[in-house]
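One file, structure_8.txt, carrying compact mmCIF, C-alpha atoms:
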# COMPACT_ATOMS: atom_id res chain seq x y z
CA MET A 1 135.63 201.18 59.74
CA LYS A 2 135.27 197.80 58.08
CA GLN A 3 137.49 196.30 60.75
CA PHE A 4 135.40 197.95 63.47
CA ILE A 5 132.20 196.40 62.11
CA ARG A 6 133.88 193.03 61.94
CA PHE A 7 134.95 193.38 65.59
CA GLY A 8 131.41 194.31 66.60
CA PHE A 9 130.01 191.30 64.79
CA LEU A 10 132.50 189.00 66.51
CA ALA A 11 131.67 190.50 69.90
CA LEU A 12 127.96 189.90 69.27
CA LEU A 13 128.68 186.31 68.31
CA THR A 14 130.63 185.81 71.53
CA VAL A 15 127.85 187.26 73.67
CA GLY A 16 125.35 185.04 71.84
CA ALA A 17 127.45 181.94 72.44
CA THR A 18 127.98 182.51 76.16
CA GLY A 19 124.36 183.46 76.64
CA THR A 20 122.86 180.14 75.54
CA GLY A 21 121.07 178.45 78.36
CA VAL A 22 123.77 178.63 80.99
CA ALA A 23 124.46 181.15 83.73
CA LEU A 24 124.72 184.82 82.92
CA ALA A 25 127.05 186.48 85.40
CA GLY A 26 125.15 188.98 87.52
CA ASP A 27 121.77 187.57 86.50
CA HIS A 28 121.99 184.59 88.86
CA ARG A 29 119.95 182.31 86.67
CA TYR A 30 121.55 178.90 86.34
CA THR A 31 121.12 175.60 84.53
CA ALA A 32 117.97 173.79 85.69
CA PRO A 33 118.68 170.25 86.91
CA SER A 34 118.12 167.30 84.56
CA PRO A 35 115.32 164.93 85.69
CA THR A 36 117.88 162.46 87.13
CA VAL A 37 119.72 165.19 89.02
CA LYS A 38 116.46 166.62 90.32
CA ALA A 39 115.25 163.20 91.51
CA GLU A 40 118.53 162.08 93.10
CA CYS A 41 120.06 165.32 94.42
CA GLY A 42 116.80 167.10 95.06
CA SER A 43 115.23 164.76 97.62
CA CYS A 44 116.92 166.03 100.79
CA HIS A 45 117.89 169.50 99.60
CA ILE A 46 117.27 171.45 96.41
CA ALA A 47 119.33 170.25 93.46
CA TYR A 48 121.96 172.98 93.72
CA PRO A 49 122.91 174.54 90.38
CA PRO A 50 126.09 172.97 88.96
CA GLN A 51 127.63 176.43 88.43
CA LEU A 52 127.88 176.99 92.19
CA LEU A 53 130.93 174.74 92.62
CA PRO A 54 133.95 174.02 90.40
CA ALA A 55 134.41 170.58 88.80
CA ARG A 56 137.08 169.59 91.35
CA SER A 57 134.60 170.11 94.21
CA TRP A 58 131.81 168.17 92.48
CA ARG A 59 134.15 165.25 91.83
CA ALA A 60 135.19 165.19 95.51
CA LEU A 61 131.54 165.31 96.64
CA MET A 62 130.42 162.60 94.25
CA SER A 63 133.21 160.27 95.39
CA GLY A 64 132.11 160.51 99.04
CA LEU A 65 128.32 160.21 98.87
CA ASP A 66 128.21 157.45 101.51
CA LYS A 67 129.32 160.10 104.01
CA HIS A 68 127.57 163.19 102.69
CA PHE A 69 127.65 165.86 105.43
CA GLY A 70 126.64 163.33 108.06
CA ALA A 71 124.15 161.36 105.97
CA ASP A 72 124.34 158.37 103.64
CA ALA A 73 123.46 159.62 100.16
CA SER A 74 125.05 156.73 98.25
CA LEU A 75 123.92 155.97 94.69
CA ASP A 76 124.31 153.08 92.28
CA PRO A 77 127.49 153.55 90.16
CA GLN A 78 125.63 154.19 86.90
CA THR A 79 123.44 156.98 88.30
CA ALA A 80 126.43 158.51 90.08
CA ALA A 81 128.41 158.57 86.80
CA THR A 82 125.53 160.26 84.92
CA ILE A 83 125.22 162.94 87.60
CA THR A 84 128.98 163.51 87.83
CA THR A 85 129.14 164.12 84.07
CA PHE A 86 126.29 166.66 84.27
CA LEU A 87 127.97 168.49 87.18
CA GLU A 88 131.39 168.54 85.51
CA GLN A 89 130.03 169.79 82.20
CA ASN A 90 128.17 172.68 83.85
CA ALA A 91 130.53 173.41 86.75
CA GLY A 92 131.54 176.91 87.75
CA ARG A 93 135.08 178.16 87.49
CA GLU A 94 137.67 177.39 90.14
CA ARG A 95 138.08 180.37 92.49
CA SER A 96 139.86 178.68 95.36
CA PHE A 97 143.62 178.61 95.77
CA SER A 98 143.42 175.97 98.46
CA ALA A 99 144.99 172.57 97.91
CA LEU A 100 141.77 170.93 99.09
CA PRO A 101 138.51 171.38 97.16
CA VAL A 102 135.72 173.41 98.81
CA LEU A 103 132.84 171.02 99.55
CA ARG A 104 130.20 173.37 100.89
CA ILE A 105 128.74 175.98 98.55
CA SER A 106 128.18 178.18 101.63
CA GLU A 107 131.95 178.17 102.27
CA THR A 108 132.97 179.45 98.86
CA ARG A 109 134.27 183.01 98.87
CA TRP A 110 131.65 183.82 96.26
CA PHE A 111 128.77 182.70 98.52
CA VAL A 112 130.11 184.56 101.56
CA HIS A 113 130.49 187.74 99.50
CA GLU A 114 127.01 187.50 97.95
CA HIS A 115 125.41 187.03 101.39
CA ASP A 116 127.44 189.52 103.43
CA GLU A 117 124.38 191.76 103.90
CA VAL A 118 122.27 188.97 105.43
CA PRO A 119 122.13 189.35 109.25
CA GLY A 120 123.04 186.35 111.42
CA THR A 121 119.55 186.20 112.88
CA VAL A 122 118.10 185.33 109.45
CA TRP A 123 120.29 182.21 109.11
CA LYS A 124 119.18 181.00 112.52
CA SER A 125 115.47 181.76 112.10
CA LEU A 126 113.11 178.78 112.20
CA LYS A 127 112.06 179.33 108.59
CA VAL A 128 115.63 179.25 107.27
CA LYS A 129 117.55 177.04 109.73
CA SER A 130 120.53 176.44 107.46
CA PRO A 131 122.38 178.12 104.57
CA SER A 132 121.65 174.91 102.62
CA ASN A 133 117.97 175.89 102.58
CA CYS A 134 118.24 178.15 99.50
CA ALA A 135 114.51 178.02 98.77
CA ALA A 136 113.71 179.67 102.12
CA CYS A 137 114.63 183.03 100.55
CA HIS A 138 115.23 182.32 96.85
CA SER A 139 111.63 181.49 95.90
CA ASN A 140 112.48 179.94 92.52
CA ALA A 141 115.69 178.20 93.60
CA GLU A 142 114.41 174.80 92.47
CA GLN A 143 114.41 176.07 88.88
CA GLY A 144 117.94 177.50 89.13
CA ASP A 145 116.64 181.08 89.49
CA PHE A 146 118.64 183.00 92.12
CA ASN A 147 117.90 186.44 90.69
CA GLU A 148 117.85 189.14 93.36
CA HIS A 149 114.35 190.23 92.36
CA ASN A 150 113.02 186.88 93.53
CA VAL A 151 114.57 187.01 97.01
CA HIS A 152 112.04 187.11 99.86
CA ILE A 153 113.51 186.84 103.33
CA PRO A 154 110.88 185.12 105.54
CA LYS A 155 109.64 186.98 108.61
CA MET B 1 103.32 139.17 53.21
CA ARG B 2 101.92 137.48 56.32
CA ARG B 3 103.48 138.56 59.53
CA SER B 4 104.13 135.99 62.20
CA PRO B 5 101.54 136.23 65.00
CA ILE B 6 104.38 135.62 67.46
CA PHE B 7 105.70 139.18 67.17
CA PRO B 8 102.70 141.11 68.57
CA LEU B 9 102.24 138.47 71.24
CA ALA B 10 105.89 138.77 72.31
CA ALA B 11 105.55 142.56 72.40
CA VAL B 12 102.51 142.35 74.66
CA VAL B 13 104.25 139.91 77.01
CA ALA B 14 107.41 142.07 77.10
CA PHE B 15 105.33 145.15 77.86
CA ALA B 16 103.46 143.37 80.63
CA ILE B 17 106.72 142.23 82.22
CA THR B 18 108.24 145.72 82.00
CA ALA B 19 105.09 147.36 83.35
CA SER B 20 104.88 144.98 86.29
CA ALA B 21 108.55 145.60 87.13
CA LEU B 22 107.93 149.35 87.21
CA ALA B 23 104.51 149.54 88.80
CA GLU B 24 104.29 147.55 91.99
CA THR B 25 102.01 147.90 94.96
CA PRO B 26 103.00 148.14 98.62
CA ALA B 27 101.54 144.62 99.00
CA ASP B 28 103.97 143.34 96.32
CA VAL B 29 106.89 144.95 98.14
CA GLN B 30 105.68 143.43 101.40
CA ARG B 31 105.55 139.96 99.79
CA SER B 32 109.19 140.25 98.72
CA PHE B 33 110.15 141.26 102.28
CA GLU B 34 108.25 138.24 103.53
CA THR B 35 110.14 135.88 101.21
CA ALA B 36 113.43 137.34 102.45
CA ALA B 37 112.34 137.25 106.11
CA ARG B 38 111.44 133.55 105.86
CA GLN B 39 115.01 132.85 104.77
CA GLU B 40 116.38 135.14 107.46
CA VAL B 41 114.50 133.86 110.50
CA ALA B 42 113.64 130.26 111.25
CA GLY B 43 109.97 130.07 112.26
CA PHE B 44 109.03 133.50 110.88
CA SER B 45 105.56 134.28 112.17
CA GLY B 46 104.51 137.32 110.18
CA PHE B 47 105.14 141.05 110.35
CA SER B 48 103.84 143.27 113.13
CA ALA B 49 102.56 146.82 112.65
CA GLN B 50 103.01 147.38 116.36
CA ARG B 51 106.69 146.37 116.28
CA GLY B 52 107.09 148.51 113.16
CA ALA B 53 105.60 151.56 114.92
CA ALA B 54 107.97 151.18 117.88
CA PHE B 55 110.94 150.73 115.55
CA PHE B 56 109.90 153.79 113.52
CA LYS B 57 109.39 156.13 116.44
CA THR B 58 112.43 155.41 118.60
CA THR B 59 116.13 156.03 118.14
CA HIS B 60 118.57 153.15 117.83
CA GLY B 61 121.67 154.40 119.65
CA ARG B 62 122.15 157.34 117.30
CA GLU B 63 120.84 160.86 116.88
CA TRP B 64 117.98 160.18 114.46
CA SER B 65 114.94 157.93 114.35
CA CYS B 66 112.81 157.41 111.23
CA ALA B 67 110.40 159.90 112.79
CA SER B 68 113.09 162.62 112.98
CA CYS B 69 112.38 163.38 109.33
CA HIS B 70 109.10 161.53 108.63
CA THR B 71 107.52 162.79 111.90
CA GLN B 72 105.60 160.74 114.46
CA ASN B 73 102.70 160.76 111.99
CA PRO B 74 103.86 159.30 108.64
CA THR B 75 100.62 160.33 106.91
CA ALA B 76 101.76 163.96 107.32
CA THR B 77 104.41 165.86 105.37
CA GLY B 78 107.83 165.47 106.97
CA ARG B 79 110.87 167.72 107.02
CA HIS B 80 114.52 166.80 106.57
CA ALA B 81 116.17 167.06 109.99
CA LYS B 82 119.15 168.95 108.58
CA THR B 83 118.02 170.91 105.54
CA ASP B 84 114.35 171.39 106.48
CA LYS B 85 113.22 170.42 102.98
CA PRO B 86 109.64 169.08 102.98
CA ILE B 87 109.34 165.31 102.56
CA THR B 88 106.10 163.98 101.07
CA PRO B 89 104.12 161.61 103.35
CA LEU B 90 105.49 158.07 103.70
CA ALA B 91 102.26 156.15 104.36
CA PRO B 92 100.82 154.72 101.12
CA ALA B 93 97.31 155.87 102.09
CA ALA B 94 98.49 159.48 102.03
CA ASN B 95 100.89 159.19 99.10
CA ALA B 96 100.13 156.72 96.28
CA GLU B 97 103.70 156.85 94.96
CA ARG B 98 105.20 155.28 98.07
CA PHE B 99 106.37 151.65 97.96
CA THR B 100 105.60 151.21 94.26
CA ARG B 101 109.18 150.75 93.05
CA THR B 102 111.50 148.17 94.58
CA ASP B 103 114.68 149.96 93.48
CA LYS B 104 113.56 153.17 95.21
CA VAL B 105 112.42 151.33 98.34
CA GLU B 106 115.75 149.51 98.63
CA LYS B 107 117.76 152.69 97.99
CA TRP B 108 116.07 154.59 100.82
CA PHE B 109 116.14 151.71 103.31
CA ARG B 110 119.87 151.26 102.53
CA ARG B 111 120.66 154.95 103.14
CA ASN B 112 118.30 155.65 106.00
CA CYS B 113 118.99 152.46 107.99
CA ASN B 114 122.66 153.37 107.79
CA ASP B 115 121.90 156.85 109.15
CA VAL B 116 119.50 155.69 111.86
CA LEU B 117 121.06 152.38 112.94
CA GLY B 118 124.56 152.42 111.48
CA ARG B 119 123.82 149.17 109.62
CA THR B 120 121.48 147.69 107.04
CA CYS B 121 117.97 146.75 108.19
CA THR B 122 116.86 143.14 108.24
CA ALA B 123 113.95 142.03 106.05
CA SER B 124 111.95 141.55 109.27
CA GLU B 125 112.53 145.17 110.30
CA LYS B 126 111.62 146.49 106.86
CA GLY B 127 108.48 144.33 106.77
CA ASP B 128 107.42 145.49 110.25
CA VAL B 129 107.84 149.14 109.26
CA LEU B 130 105.89 148.64 106.03
CA ALA B 131 103.16 146.78 107.96
CA TYR B 132 102.92 149.80 110.26
CA LEU B 133 102.81 152.27 107.36
CA MET B 134 100.17 150.22 105.53
CA SER B 135 98.05 150.11 108.70
CA LEU B 136 97.68 153.91 108.71
CA GLY B 137 94.58 155.46 107.19
CA LYS B 138 94.30 158.74 105.36
Starting from the file, give its structure as structure tokens.
Amino acid sequence: MKQFIRFGFLALLTVGATGTGVALAGDHRYTAPSPTVKAECGSCHIAYPPQLLPARSWRALMSGLDKHFGADASLDPQTAATITTFLEQNAGRERSFSALPVLRISETRWFVHEHDEVPGTVWKSLKVKSPSNCAACHSNAEQGDFNEHNVHIPK
Amino acid sequence: MRRSPIFPLAAVVAFAITASALAETPADVQRSFETAARQEVAGFSGFSAQRGAAFFKTTHGREWSCASCHTQNPTATGRHAKTDKPITPLAPAANAERFTRTDKVEKWFRRNCNDVLGRTCTASEKGDVLAYLMSLGK
């Protein structure tokens, strides 16, 4: 019995530790961007939560900002280093077995699975336009909130 | 226990220098473009809002113009050509934050000129565009 209580206490501690601030699996609430990340990454698209790609992908993205999906998103080295550290420290776990890192969040197996109920017409609608436009449906995406209760598909 | 009067004076001067480096006006930015343009072009004869408007609204051998994202009316809210994210107005009359920080101005000209022209913009081009943007009312 004593051992059982001790186990329960340890389990509670573990839950407490993993629940501090960062993503809770299934809840889809992620780390909000730091002011630098919000200013630099959030100008052309929302500052995507760091948990949505593994560290290897973030490193690859951050080393090719001058050719960032067809646009020049280059940064001064100091700002780039600050952002890379933030992304690495909060990155999601690696789920890809590919030799090359996944660069688009929308091409991760996780993303495809989560969005498999969304009809093709929604992606192409004028109010969505692109899977990179998270905030079109996830109303609080800017704050890292991707909870299903806050999804509103535009009509 | 008399403190040197130099210290508060130095602090005030340091603050003034820092503040002026952070808070600039579009006219200050334009003056720095002018200094650069004079070195760039012999017989520089001033910036032209009309040239700036033409430069802003047309493409330069590539897919995008400045107006692709900032729209043909830079006092209005723009939209990113790829992601559709809203872009706050570019004209200083419609958005007081624009052209008040040299580092930001240079960062965006560096990136966007590369996307629109495939090269950096000259000081004359940047000055013409800013002259155009400053000529727009609210």
Pick from A:Ile153, A:Leu75, A:Val122, A:Ala91, whichever lies nearest to chain B using only C-alpha atoms: A:Leu75
Distance in Å - atom CA of Thr122 of chain B versus atom CA of Ala37 of chain B: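 Calculated distance between atom CA of Thr122 of chain B and atom CA of Ala37 of chain B is 7.7 Å.
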Residue hits in chain B, query chain A, radius 6 Å, all atoms listed in the file, as an NGL selection string: :B and (83 or 85 or 111 or 115)
Length of the atom CA of Glu34 of chain B to atom CA of Gln72 of chain B vector [Å]: 25.2 Å
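Look at Ala54 of chain B: the protein and nucleic acid residues within 12 Å of it, using all atoms listed in the file and passing over chain neighbours fewer than 3 places away, are Ser48, Ala49, Gln50, Arg51, Lys57, Thr58, Thr59, His60, Ser65, Cys66, Ala67, Gln72, Glu125, Asp128, Val129, Ala131, Tyr132 and Leu133 of chain B.
Atom pair atom CA of Thr82 of chain A / atom CA of Pro33 of chain A has a distance of 12.3 Å (rounded to one decimal).
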Polymer residues at most 8 Å from (97.0, 157.8, 100.3) by only C-alpha atoms, as a ChimeraX atom specification: /B:75,91-96,137-138
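Nearest to Gln51 of chain A of all the residues A:Glu107, A:Glu148, A:Glu94, A:Glu142 is A:Glu94, based on all atoms listed in the file.
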